[in-house]
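The file my_file.txt contains compact mmCIF, C-alpha atoms:
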```txt
# COMPACT_ATOMS: atom_id res chain seq x y z
CA MET A 1 5.20 -3.49 -4.02
CA GLY A 2 4.22 0.17 -3.66
CA GLU A 3 1.34 0.16 -6.13
CA ALA A 4 -2.10 1.67 -5.63
CA HIS A 5 -3.43 -1.16 -3.56
CA GLN A 6 -0.48 -1.18 -1.28
CA LEU A 7 -1.82 2.31 -0.70
CA GLN A 8 -5.35 1.02 -0.11
CA LEU A 9 -4.07 -1.28 2.61
CA SER A 10 -1.92 1.45 4.16
CA ILE A 11 -4.82 3.91 4.19
CA MET A 12 -6.49 1.65 6.71
CA VAL A 13 -3.23 0.99 8.57
CA HIS A 14 -2.44 4.66 9.00
CA HIS A 15 -6.04 5.65 9.68
CA GLN A 16 -6.21 3.28 12.61
CA ASP A 17 -2.69 4.01 13.84
CA ALA A 18 -3.02 7.79 13.50
CA ASN A 19 -5.46 8.13 16.35
CA GLY A 20 -3.39 6.32 18.95
CA ALA A 21 -5.17 4.82 21.92
CA ASN A 22 -8.62 6.07 20.85
CA SER A 23 -8.50 4.08 17.64
CA ARG A 24 -7.22 1.02 19.43
CA SER A 25 -9.92 1.22 22.05
CA ILE A 26 -12.52 1.03 19.30
CA ARG A 27 -10.72 -1.87 17.69
CA ASN A 28 -9.89 -3.39 21.10
CA THR A 29 -7.30 -5.79 19.70
CA SER A 30 -3.64 -6.40 20.31
CA VAL A 31 -1.23 -7.48 17.59
CA LEU A 32 -2.91 -10.88 17.53
CA PRO A 33 -6.04 -11.77 19.48
CA ARG A 34 -5.88 -14.85 21.66
CA GLY A 35 -8.19 -17.79 22.10
CA LYS A 36 -9.65 -17.67 18.61
CA SER A 37 -11.45 -20.51 16.88
CA PHE A 38 -10.25 -22.72 14.05
CA ASN A 39 -12.35 -20.69 11.58
CA TRP A 40 -10.57 -17.51 12.68
CA TRP A 41 -7.16 -19.07 12.05
CA LEU A 42 -8.40 -20.31 8.69
CA ARG A 43 -9.48 -16.79 7.71
CA MET A 44 -6.18 -15.38 8.93
CA THR A 45 -4.27 -17.89 6.80
CA LEU A 46 -6.37 -17.02 3.75
CA TYR A 47 -5.94 -13.27 4.20
CA THR A 48 -2.18 -13.65 4.74
CA CYS A 49 -1.84 -15.68 1.54
CA LEU A 50 -3.81 -13.05 -0.37
CA VAL A 51 -1.52 -10.26 0.84
CA LEU A 52 1.78 -12.07 0.23
CA SER A 53 0.83 -13.60 -3.10
CA GLY A 54 -1.24 -10.64 -4.31
CA GLN A 55 1.47 -7.99 -4.30
CA SER A 56 4.05 -10.39 -5.75
CA VAL A 57 1.90 -11.78 -8.57
CA ALA A 58 0.48 -8.37 -9.51
CA THR A 59 3.94 -6.81 -9.80
CA LEU A 60 5.21 -9.73 -11.89
CA LEU A 61 2.16 -9.52 -14.17
CA GLY A 62 2.84 -5.83 -14.68
CA ARG A 63 6.43 -6.54 -15.72
CA LEU A 64 5.26 -9.42 -17.96
CA TYR A 65 2.92 -7.02 -19.77
CA PHE A 66 5.84 -4.83 -20.80
CA ASP A 67 8.18 -7.72 -21.56
CA LYS A 68 5.70 -9.33 -23.95
CA GLY A 69 5.17 -6.20 -26.01
CA GLY A 70 2.88 -3.94 -23.97
CA HIS A 71 3.69 -0.23 -24.22
CA SER A 72 0.86 1.70 -22.57
CA ASN A 73 1.80 3.11 -19.19
CA TRP A 74 -1.67 4.60 -18.86
CA LEU A 75 -3.36 1.23 -19.40
CA GLN A 76 -1.10 -0.51 -16.91
CA ALA A 77 -1.77 2.20 -14.34
CA LEU A 78 -5.52 1.79 -14.93
CA MET A 79 -5.29 -1.93 -14.21
CA ASN A 80 -3.89 -1.13 -10.78
CA LEU A 81 -7.15 0.61 -9.87
CA ALA A 82 -9.96 -0.51 -12.16
CA GLY A 83 -10.79 -3.60 -10.11
CA PHE A 84 -11.97 -1.63 -7.06
CA PRO A 85 -15.68 -2.62 -7.53
CA ILE A 86 -14.64 -6.04 -6.19
CA LEU A 87 -14.44 -4.37 -2.76
CA LEU A 88 -18.07 -3.16 -2.84
CA PRO A 89 -19.54 -6.38 -1.33
CA TYR A 90 -17.54 -5.57 1.82
CA TYR A 91 -20.20 -2.96 2.58
CA CYS A 92 -22.73 -5.79 2.88
CA ILE A 93 -20.85 -7.96 5.40
CA PRO A 94 -22.78 -7.69 8.70
CA ALA A 95 -19.77 -8.47 10.92
CA LEU A 96 -17.86 -5.53 9.47
CA SER A 97 -20.85 -3.21 9.32
CA LYS A 98 -21.21 -3.53 13.10
CA ARG A 99 -17.96 -1.60 13.39
CA ASN A 100 -19.71 1.48 12.08
CA ASN A 101 -20.84 2.53 15.55
CA PRO A 102 -18.19 4.64 17.31
CA THR A 103 -17.84 3.99 21.01
CA THR A 104 -16.24 7.23 22.11
CA ASN A 105 -18.13 10.40 22.96
CA SER A 106 -15.50 12.55 21.25
CA VAL A 107 -16.25 10.90 17.94
CA GLN A 108 -20.03 11.05 18.34
CA SER A 109 -20.03 14.75 19.22
CA GLU A 110 -18.20 15.83 16.06
CA ARG A 111 -20.24 17.44 13.29
CA PRO A 112 -19.94 15.52 10.03
CA PRO A 113 -18.11 17.31 7.21
CA SER A 114 -20.12 18.74 4.35
CA THR A 115 -20.52 16.89 1.07
CA LEU A 116 -18.45 19.52 -0.71
CA THR A 117 -15.62 19.14 1.78
CA LEU A 118 -15.62 15.36 1.45
CA ALA A 119 -15.74 15.60 -2.33
CA SER A 120 -12.74 17.94 -2.30
CA VAL A 121 -10.78 15.48 -0.16
CA TYR A 122 -11.65 12.49 -2.36
CA VAL A 123 -10.89 14.34 -5.61
CA SER A 124 -7.58 15.77 -4.40
CA LEU A 125 -6.31 12.47 -3.03
CA GLY A 126 -7.68 10.55 -6.02
CA LEU A 127 -5.74 12.73 -8.45
CA LEU A 128 -2.59 12.28 -6.39
CA VAL A 129 -3.11 8.51 -6.45
CA ALA A 130 -3.54 8.61 -10.25
CA PHE A 131 -0.30 10.57 -10.60
CA GLY A 132 1.56 8.06 -8.44
CA CYS A 133 0.14 5.05 -10.30
CA PHE A 134 1.26 6.46 -13.64
CA LEU A 135 4.78 7.09 -12.33
CA TYR A 136 4.92 3.57 -10.88
CA SER A 137 3.88 2.21 -14.27
CA VAL A 138 6.66 4.14 -16.04
CA GLY A 139 9.19 2.90 -13.49
CA LEU A 140 8.09 -0.70 -13.89
CA SER A 141 8.31 -0.44 -17.69
CA TYR A 142 11.96 0.72 -17.58
CA LEU A 143 13.39 -1.18 -14.60
CA PRO A 144 13.95 -4.84 -13.79
CA VAL A 145 11.39 -6.06 -11.27
CA SER A 146 13.95 -6.66 -8.53
CA THR A 147 15.36 -3.13 -8.80
CA TYR A 148 11.89 -1.62 -8.98
CA SER A 149 10.72 -3.43 -5.85
CA LEU A 150 13.76 -2.40 -3.84
CA ILE A 151 13.36 1.27 -4.81
CA CYS A 152 9.71 1.10 -3.75
CA ALA A 153 10.94 0.43 -0.21
CA SER A 154 11.80 4.15 -0.02
CA GLN A 155 8.08 4.93 0.25
CA LEU A 156 8.27 4.25 4.00
CA ALA A 157 10.99 6.87 4.34
CA PHE A 158 8.93 9.43 2.43
CA ASN A 159 5.86 8.60 4.49
CA ALA A 160 7.74 9.15 7.75
CA LEU A 161 9.21 12.41 6.43
CA PHE A 162 5.87 13.86 5.32
CA SER A 163 4.20 12.65 8.52
CA PHE A 164 6.82 14.57 10.50
CA PHE A 165 5.61 17.83 8.93
CA LEU A 166 1.89 17.08 8.51
CA ASN A 167 1.02 14.77 11.41
CA SER A 168 3.64 15.51 14.08
CA GLN A 169 5.35 12.17 13.57
CA LYS A 170 8.10 11.73 16.16
CA PHE A 171 11.52 10.74 14.84
CA THR A 172 12.59 8.04 17.26
CA PRO A 173 15.96 6.29 16.86
CA TYR A 174 14.24 3.36 15.15
CA ILE A 175 12.42 5.62 12.67
CA PHE A 176 15.59 7.54 11.94
CA ASN A 177 17.47 4.26 11.45
CA ALA A 178 14.78 3.08 9.01
CA LEU A 179 14.97 6.37 7.06
CA PHE A 180 18.75 6.15 6.81
CA LEU A 181 18.82 2.49 5.73
CA LEU A 182 16.04 2.83 3.16
CA THR A 183 17.68 5.92 1.68
CA ILE A 184 21.06 4.20 1.38
CA SER A 185 19.35 1.15 -0.12
CA SER A 186 17.85 3.25 -2.92
CA VAL A 187 21.01 5.29 -3.51
CA LEU A 188 23.06 2.11 -3.97
CA LEU A 189 20.87 1.09 -6.90
CA VAL A 190 21.93 4.20 -8.82
CA PHE A 191 25.41 2.73 -9.24
CA GLN A 192 24.36 -0.50 -10.90
CA GLY A 193 22.12 0.72 -13.72
CA ASP A 194 24.44 -0.36 -16.52
CA SER A 195 24.52 -3.97 -15.34
CA ASP A 196 20.74 -4.49 -15.22
CA SER A 197 18.97 -6.33 -17.97
CA GLY A 198 15.48 -7.68 -18.36
CA ALA A 199 13.65 -10.10 -20.57
CA ALA A 200 12.85 -7.34 -23.05
CA GLY A 201 16.53 -6.55 -23.61
CA VAL A 202 19.28 -4.50 -22.10
CA THR A 203 18.04 -1.56 -20.11
CA THR A 204 19.81 1.52 -21.41
CA LYS A 205 21.31 3.98 -19.01
CA ARG A 206 18.83 6.68 -20.06
CA LYS A 207 15.82 4.44 -19.50
CA TYR A 208 17.26 3.25 -16.21
CA VAL A 209 17.62 6.84 -14.98
CA ILE A 210 14.06 7.70 -16.09
CA GLY A 211 12.69 4.56 -14.43
CA PHE A 212 14.65 5.21 -11.25
CA LEU A 213 13.49 8.84 -10.98
CA CYS A 214 9.86 7.96 -11.75
CA THR A 215 9.82 5.18 -9.14
CA VAL A 216 11.38 7.44 -6.50
CA ALA A 217 8.90 10.20 -7.39
CA ALA A 218 6.04 7.69 -7.22
CA SER A 219 7.23 6.53 -3.80
CA ALA A 220 7.33 10.16 -2.66
CA SER A 221 3.80 10.67 -4.02
CA TYR A 222 2.69 7.52 -2.19
CA GLY A 223 4.18 8.75 1.09
CA LEU A 224 2.55 12.17 0.66
CA THR A 225 -0.81 10.57 -0.12
CA LEU A 226 -0.65 8.46 3.02
CA SER A 227 0.22 11.44 5.18
CA LEU A 228 -2.53 13.58 3.64
CA THR A 229 -5.03 10.73 4.06
CA GLN A 230 -4.07 10.43 7.71
CA LEU A 231 -4.47 14.19 8.08
CA ALA A 232 -7.88 14.09 6.37
CA PHE A 233 -9.16 11.42 8.74
CA ARG A 234 -7.91 13.34 11.75
CA LYS A 235 -9.00 16.86 10.77
CA VAL A 236 -11.88 16.46 8.31
CA ILE A 237 -13.65 13.07 8.45
CA ARG A 238 -13.16 12.47 12.18
CA LYS A 239 -14.97 9.12 12.20
CA GLU A 240 -13.74 5.77 13.48
CA THR A 241 -15.97 3.59 11.29
CA PHE A 242 -15.49 0.86 8.73
CA THR A 243 -17.72 2.67 6.23
CA ALA A 244 -15.66 5.86 6.46
CA VAL A 245 -12.48 3.95 5.62
CA MET A 246 -14.13 2.02 2.78
CA ASP A 247 -15.56 5.28 1.39
CA MET A 248 -12.06 6.71 1.28
CA ILE A 249 -10.73 3.67 -0.58
CA VAL A 250 -13.60 3.37 -3.08
CA TYR A 251 -14.06 7.06 -3.91
CA GLN A 252 -10.31 7.60 -4.12
CA SER A 253 -9.99 4.68 -6.53
CA LEU A 254 -12.97 5.90 -8.58
CA ILE A 255 -11.49 9.39 -9.03
CA ALA A 256 -8.04 8.00 -9.80
CA SER A 257 -9.46 5.53 -12.34
CA CYS A 258 -11.39 8.30 -14.10
CA ALA A 259 -8.29 10.51 -14.21
CA ILE A 260 -6.14 7.73 -15.68
CA PHE A 261 -8.89 6.83 -18.15
CA ILE A 262 -8.91 10.45 -19.34
CA GLY A 263 -5.11 10.37 -19.59
CA LEU A 264 -5.30 7.20 -21.69
CA PHE A 265 -7.47 8.95 -24.28
CA ALA A 266 -5.82 12.39 -24.06
CA SER A 267 -2.38 10.89 -24.68
CA GLY A 268 -3.61 9.02 -27.74
CA GLU A 269 -2.35 5.68 -26.41
CA TRP A 270 -5.80 4.17 -26.83
CA LYS A 271 -5.36 4.30 -30.61
CA GLY A 272 -2.55 1.76 -30.47
CA LEU A 273 -4.18 -0.72 -28.07
CA LYS A 274 -5.71 -2.86 -30.83
CA LYS A 275 -2.35 -3.10 -32.59
CA GLU A 276 -0.63 -3.77 -29.26
CA MET A 277 -3.00 -6.64 -28.52
CA GLY A 278 -2.42 -8.13 -31.95
CA GLU A 279 1.36 -7.95 -31.61
CA PHE A 280 1.47 -9.22 -28.04
CA LYS A 281 4.03 -12.02 -28.05
CA SER A 282 1.84 -14.46 -26.12
CA GLY A 283 -1.30 -13.79 -28.17
CA LYS A 284 -4.53 -11.85 -27.77
CA VAL A 285 -6.00 -14.14 -25.14
CA SER A 286 -2.87 -13.86 -23.01
CA TYR A 287 -2.99 -10.06 -23.40
CA ILE A 288 -6.55 -9.88 -22.10
CA MET A 289 -5.88 -12.36 -19.32
CA ASN A 290 -2.79 -10.45 -18.19
CA LEU A 291 -4.70 -7.18 -17.81
CA THR A 292 -7.74 -8.84 -16.27
CA TRP A 293 -5.78 -10.77 -13.66
CA SER A 294 -3.63 -7.73 -12.87
CA ALA A 295 -6.77 -5.83 -11.89
CA ILE A 296 -8.20 -8.78 -9.95
CA VAL A 297 -5.00 -9.69 -8.10
CA TRP A 298 -4.42 -6.14 -6.84
CA GLN A 299 -7.92 -6.20 -5.38
CA LEU A 300 -7.36 -9.61 -3.82
CA PHE A 301 -4.32 -8.06 -2.14
CA ALA A 302 -6.53 -5.22 -0.88
CA ILE A 303 -9.14 -7.69 0.41
CA GLY A 304 -6.44 -9.63 2.25
CA GLY A 305 -5.13 -6.45 3.85
CA VAL A 306 -8.59 -5.31 4.91
CA GLY A 307 -9.30 -8.76 6.33
CA LEU A 308 -6.12 -8.84 8.41
CA ILE A 309 -6.85 -5.40 9.83
CA PHE A 310 -10.32 -6.32 11.00
CA GLU A 311 -9.48 -9.87 12.11
CA ALA A 312 -6.27 -8.93 13.96
CA SER A 313 -4.83 -5.42 13.87
CA SER A 314 -3.39 -2.80 11.55
CA LEU A 315 0.09 -3.53 12.93
CA PHE A 316 -0.14 -7.21 12.06
CA SER A 317 -1.45 -6.38 8.59
CA ASN A 318 1.48 -4.03 8.03
CA VAL A 319 3.93 -6.69 9.23
CA VAL A 320 2.54 -9.28 6.79
CA SER A 321 2.69 -6.78 3.94
CA ALA A 322 6.31 -5.98 4.75
CA LEU A 323 7.17 -9.68 4.64
CA GLY A 324 6.53 -9.53 0.90
CA LEU A 325 9.52 -7.22 0.38
CA PRO A 326 12.11 -9.92 -0.39
CA VAL A 327 9.63 -12.09 -2.29
CA VAL A 328 9.36 -10.05 -5.51
CA PRO A 329 13.14 -9.71 -6.16
CA VAL A 330 13.61 -13.46 -5.62
CA LEU A 331 10.73 -14.30 -7.96
CA ALA A 332 12.10 -11.82 -10.50
CA VAL A 333 15.41 -13.69 -10.55
CA ILE A 334 13.54 -16.99 -11.13
CA PHE A 335 11.00 -15.90 -13.75
CA PHE A 336 12.61 -12.89 -15.44
CA HIS A 337 16.27 -13.84 -14.95
CA ASP A 338 17.09 -10.51 -13.30
CA LYS A 339 20.67 -10.22 -12.16
CA MET A 340 21.10 -10.31 -8.39
CA ASP A 341 24.55 -8.76 -8.07
CA ARG A 342 26.32 -7.73 -4.89
CA ILE A 343 25.01 -4.18 -4.87
CA LYS A 344 21.42 -5.38 -5.22
CA ILE A 345 21.87 -7.96 -2.46
CA VAL A 346 23.28 -5.32 -0.11
CA ALA A 347 20.39 -2.99 -1.05
CA MET A 348 17.88 -5.75 -0.24
CA VAL A 349 19.47 -6.47 3.13
CA LEU A 350 19.46 -2.77 4.03
CA ALA A 351 15.85 -2.39 2.89
CA ILE A 352 14.72 -5.38 5.00
CA TRP A 353 16.67 -4.02 7.97
CA GLY A 354 14.96 -0.66 7.49
CA PHE A 355 11.53 -2.32 7.33
CA VAL A 356 12.21 -4.30 10.51
CA SER A 357 13.33 -1.14 12.31
CA TYR A 358 10.23 0.73 11.14
CA LEU A 359 7.86 -2.06 12.15
CA TYR A 360 9.57 -2.52 15.52
CA GLN A 361 8.79 1.11 16.30
CA HIS A 362 5.15 0.41 15.39
CA TYR A 363 5.25 -2.57 17.76
CA LEU A 364 6.56 -0.38 20.58
CA ASP A 365 3.85 2.23 19.89
CA ASP A 366 1.18 -0.47 19.86
CA ARG A 367 2.39 -1.94 23.15
CA LYS A 368 2.58 1.50 24.76
CA ALA A 369 -0.94 2.38 23.60
CA LYS A 370 -2.24 -0.97 24.85
CA THR A 371 -0.68 -0.41 28.26
CA ALA A 372 -2.20 3.07 28.49
CA GLU A 373 -5.56 1.67 27.39
CA ASN A 374 -5.51 -0.99 30.14
CA GLU A 375 -4.51 1.57 32.75
CA ASN A 376 -7.39 3.85 31.72
CA ALA A 377 -9.81 0.93 31.82
CA ASN A 378 -8.63 -0.06 35.30
CA GLY A 379 -8.98 3.55 36.44
CA GLU A 380 -12.54 3.78 35.16
CA VAL A 381 -13.49 0.53 36.90
CA SER A 382 -12.03 1.74 40.21
CA THR A 383 -14.10 4.92 40.06
CA ILE A 384 -17.30 2.96 39.46
CA LEU A 385 -16.79 0.43 42.28
CA PRO A 386 -17.92 1.61 45.74
CA PRO A 387 -15.21 2.17 48.35
```
Represent the structure contained in this file as structure tokens.
Amino acid sequence: MGEAHQLQLSIMVHHQDANGANSRSIRNTSVLPRGKSFNWWLRMTLYTCLVLSGQSVATLLGRLYFDKGGHSNWLQALMNLAGFPILLPYYCIPALSKRNNPTTNSVQSERPPSTLTLASVYVSLGLLVAFGCFLYSVGLSYLPVSTYSLICASQLAFNALFSFFLNSQKFTPYIFNALFLLTISSVLLVFQGDSDSGAAGVTTKRKYVIGFLCTVAASASYGLTLSLTQLAFRKVIRKETFTAVMDMIVYQSLIASCAIFIGLFASGEWKGLKKEMGEFKSGKVSYIMNLTWSAIVWQLFAIGGVGLIFEASSLFSNVVSALGLPVVPVLAVIFFHDKMDRIKIVAMVLAIWGFVSYLYQHYLDDRKAKTAENENANGEVSTILPP
């Protein structure tokens, strides 16, 4: 959890949530629409499975790469992004393309940003995404999966903090409670570094500290990227369309992939990839399959997140994504024999509590916006009807 395609999903979540009632009036959905057909429920089930399984499997595949002899942080970071062309067919889906027409005069009256301005936004955010992906890769290479996943929970706290300064995020009691719990959850993990071990051997204290700091820094970068993306949609792009959101995801991923690809060659790690593949403990075929499926699974996660947003709501998509929090540590104990000691259990409980608090605030905001939307609609109808 917390990788680049968690970011892709959250770009859409925060884009739609950032604009309050206006965004919701375009979407015109509550947390879950009612009276839907069997096919709708079937699609919802499929998208939910993609989100829950995608983030778990992709994270485990990343850890497996390092455990079986992989060493390239740049290559692993590239796999988090390189599969983005899988999302391109989404541009061709008629049902989603219909959402390209804004329904508010305020959106239609805005002048579109220049190409240079858009390019600057995409490049800046893409480079920040590349930086975060590399740090996540370093953290995953040095930490047990369960510890890594729990530290990634701090990204919500960083996102709320940066949004407070950049997007006038209000610190309600529930948000403050989430910040406090997620911070304590991460701090607790500092005190159990010596007891962690993974399939590749005992994690030294030095590597644990490096992995911890890189994962925290990556989570901070993730939170900053989300806040800046939200700011860009509000101040620069100013469009409530499916294409605008997809453009942000695709161009951001393209720039980040190019940056990481350059880093792979500039660092010289590419020279050792052939040797790395030959020495991979599970064989060359397993090496290729691991990297290929890592790229594919992250994109399946992104597809599931996009599907949930447009079939239900951004809030529901965020809730489903958060449900995956306890899944990765449990799977790590089963497949990688990570130790689940008392400190880690307490950290997991605090992190889940923080997530629930954070999402409950989103639920309250969604309900408040829906109420205001209905009141405005009733007011408009009353002005149209003759006395």
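Remark: for Cys152 (chain A), the closest of the candidate residues A:Pro112, A:Gly139, A:Gly62, A:Pro173 is A:Gly139 (distances computed over all atoms listed in the file).
Within 12 Å of the point (0.9, -14.8, 1.3), counting all atoms listed in the file, the protein and nucleic acid residues come to Met44, Thr45, Leu46, Tyr47, Thr48, Cys49, Leu50, Val51, Leu52, Ser53, Gly54, Gln55, Ser56, Val57, Leu300, Phe301, Gly304, Gly305, Leu308, Ser317, Val319, Val320, Ser321, Ala322, Leu323, Gly324, Leu325, Val327 and Val328 of chain A.
Comparing A:Phe66, A:Phe180, A:Glu311, A:Ala232 by their smallest distance to Thr117 (chain A), the closest is A:Ala232 (using all atoms listed in the file).
In terms of minimum interatomic distance to Lys207 (chain A), A:Ser141 ranks closest within A:Ser124, A:Ser221, A:Gln230, A:Ser141, counting only C-alpha atoms.
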Neighbour residues at most 7 Å from (-7.6, 3.8, -16.4) (all atoms listed in the file) as JSON, numbers by chain | {"A": [74, 75, 77, 78, 79, 82, 257, 258, 260, 261, 264]}
Preceding selection exported with C-alpha atoms as a compact mmCIF listing (two decimals), keeping the file's coordinate frame:
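As a result, again.txt now contains:
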```txt
# COMPACT_ATOMS: atom_id res chain seq x y z
CA TRP A 74 -1.67 4.60 -18.86
CA LEU A 75 -3.36 1.23 -19.40
CA ALA A 77 -1.77 2.20 -14.34
CA LEU A 78 -5.52 1.79 -14.93
CA MET A 79 -5.29 -1.93 -14.21
CA ALA A 82 -9.96 -0.51 -12.16
CA SER A 257 -9.46 5.53 -12.34
CA CYS A 258 -11.39 8.30 -14.10
CA ILE A 260 -6.14 7.73 -15.68
CA PHE A 261 -8.89 6.83 -18.15
CA LEU A 264 -5.30 7.20 -21.69
```
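Here CA of Ser137 (chain A) is placed at a distance of 13.6 Å from CA of Ala295 (chain A).
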Do a neighbour search on Met277 (chain A) at 12 Å with all atoms listed in the file, toss out local chain neighbours closer than 2 positions, and write the hits as a PyMOL selection string.
-> chain A and resi 65-66+68-72+270-275+279-291
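Nearest residue to Leu128 (chain A), choosing from A:Leu156, A:Ala220, A:Ala372, A:Thr183 and counting all atoms listed in the file: A:Ala220.
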